[in-house]
Amino acid sequence: MLEAFIFAVILLGFLGTIFKQNLIMKIVSMDVMSTGVIAYYVLIAARSGFFTPILPETARAVDYADPVPQAVILTAIVIGFSIQALMLVGTMKLARDNPTLETHEIEKSMVSQPQSTSKSHRS
């Protein structure tokens, strides 16, 4: 049941990325999809009966959890946050030149503007 909910979150994020016209909504949809992927990875990597790999003063012979999936998830969260910040900066730069953040309006304005080619050479 939980797997189905996580796949639904991923699917909703994917569909939002495809069908939303506003750039901010596309970025939010990509973040929702990324969160769903991370939640699925956490669901798969979660195991009961394992202990954290911190050794106490008296070492016991028990099964320890692998710290590598935790490191991978933290890395994915940090990379996702930095990509989201980069996309928002790109959207802010687009917002300076365009009065709207709707993709079809931006595409229309890009097509209607003549391409300016600067051929300045430095000697």
# chains A, B, ... in the order shown; residues from 1 in each chain; ligands from 1
>>> select_by_dssp(residues="chain A", states="strand (DSSP E or B)", output="number ranges by chain")
A: 22, 51, 64, 102
>>> closest_residue(among="A:Tyr41, A:Phe19, A:Phe50, A:Phe81", to="A:Phe7", atoms="only C-alpha atoms")
A:Tyr41
>>> residues_around(residues="A:Gly49", least_positions_apart="4", cutoff="12 Å", atoms="only C-alpha atoms", output="VMD selection string")
chain A and resid 62 to 65
>>> residues_around(residues="A:Leu88", least_positions_apart="6", cutoff="12 Å", atoms="only C-alpha atoms", output="VMD selection string")
chain A and resid 23 to 28 30 to 31 81 to 82 94 to 95 101
>>> write_last_selection(atoms="N, CA and C atoms", output="PDB file, in the first residue's frame")
ATOM      1  N   LEU A  23       6.366  27.923 -15.047  1.00  0.00           N
ATOM      2  CA  LEU A  23       7.696  27.402 -14.743  1.00  0.00           C
ATOM      3  C   LEU A  23       7.881  27.098 -13.260  1.00  0.00           C
ATOM      4  N   ILE A  24       7.300  27.911 -12.390  1.00  0.00           N
ATOM      5  CA  ILE A  24       7.409  27.648 -10.951  1.00  0.00           C
ATOM      6  C   ILE A  24       6.701  26.343 -10.601  1.00  0.00           C
ATOM      7  N   MET A  25       5.549  26.105 -11.210  1.00  0.00           N
ATOM      8  CA  MET A  25       4.832  24.859 -10.958  1.00  0.00           C
ATOM      9  C   MET A  25       5.601  23.653 -11.493  1.00  0.00           C
ATOM     10  N   LYS A  26       6.300  23.834 -12.596  1.00  0.00           N
ATOM     11  CA  LYS A  26       7.145  22.757 -13.114  1.00  0.00           C
ATOM     12  C   LYS A  26       8.273  22.432 -12.137  1.00  0.00           C
ATOM     13  N   ILE A  27       8.865  23.459 -11.546  1.00  0.00           N
ATOM     14  CA  ILE A  27       9.943  23.241 -10.580  1.00  0.00           C
ATOM     15  C   ILE A  27       9.405  22.541  -9.332  1.00  0.00           C
ATOM     16  N   VAL A  28       8.233  22.958  -8.865  1.00  0.00           N
ATOM     17  CA  VAL A  28       7.627  22.310  -7.705  1.00  0.00           C
ATOM     18  C   VAL A  28       7.289  20.853  -8.030  1.00  0.00           C
ATOM     19  N   MET A  30       8.822  18.918 -10.162  1.00  0.00           N
ATOM     20  CA  MET A  30      10.072  18.156 -10.177  1.00  0.00           C
ATOM     21  C   MET A  30      10.550  17.859  -8.762  1.00  0.00           C
ATOM     22  N   ASP A  31      10.322  18.805  -7.844  1.00  0.00           N
ATOM     23  CA  ASP A  31      10.692  18.570  -6.455  1.00  0.00           C
ATOM     24  C   ASP A  31       9.812  17.482  -5.823  1.00  0.00           C
ATOM     25  N   PHE A  81      18.409  19.839  -3.903  1.00  0.00           N
ATOM     26  CA  PHE A  81      18.230  21.213  -3.447  1.00  0.00           C
ATOM     27  C   PHE A  81      19.034  22.195  -4.305  1.00  0.00           C
ATOM     28  N   SER A  82      20.253  21.828  -4.652  1.00  0.00           N
ATOM     29  CA  SER A  82      21.077  22.741  -5.458  1.00  0.00           C
ATOM     30  C   SER A  82      20.528  22.865  -6.878  1.00  0.00           C
ATOM     31  N   LEU A  94      14.626  34.673 -16.393  1.00  0.00           N
ATOM     32  CA  LEU A  94      13.584  34.733 -17.418  1.00  0.00           C
ATOM     33  C   LEU A  94      12.503  35.736 -17.044  1.00  0.00           C
ATOM     34  N   ALA A  95      12.198  35.851 -15.764  1.00  0.00           N
ATOM     35  CA  ALA A  95      11.148  36.760 -15.315  1.00  0.00           C
ATOM     36  C   ALA A  95      11.544  38.214 -15.521  1.00  0.00           C
ATOM     37  N   LEU A 101       5.467  33.845 -16.597  1.00  0.00           N
ATOM     38  CA  LEU A 101       6.270  32.633 -16.474  1.00  0.00           C
ATOM     39  C   LEU A 101       5.586  31.442 -17.134  1.00  0.00           C
TER      40      LEU A 101
END
>>> atom_distance(atom1="atom CA of A:Gln113", atom2="atom CA of A:Val89")
22.7 Å
>>> select_by_dssp(residues="stretch 9-120 of chain A", states="alpha helix (DSSP H)", output="ChimeraX atom specification")
/A:9-19,23-45,68-97,103-112
>>> closest_residue(among="A:Ile38, A:Met1, A:Ile106, A:Ile54", to="A:Ile77", atoms="only C-alpha atoms")
A:Ile38
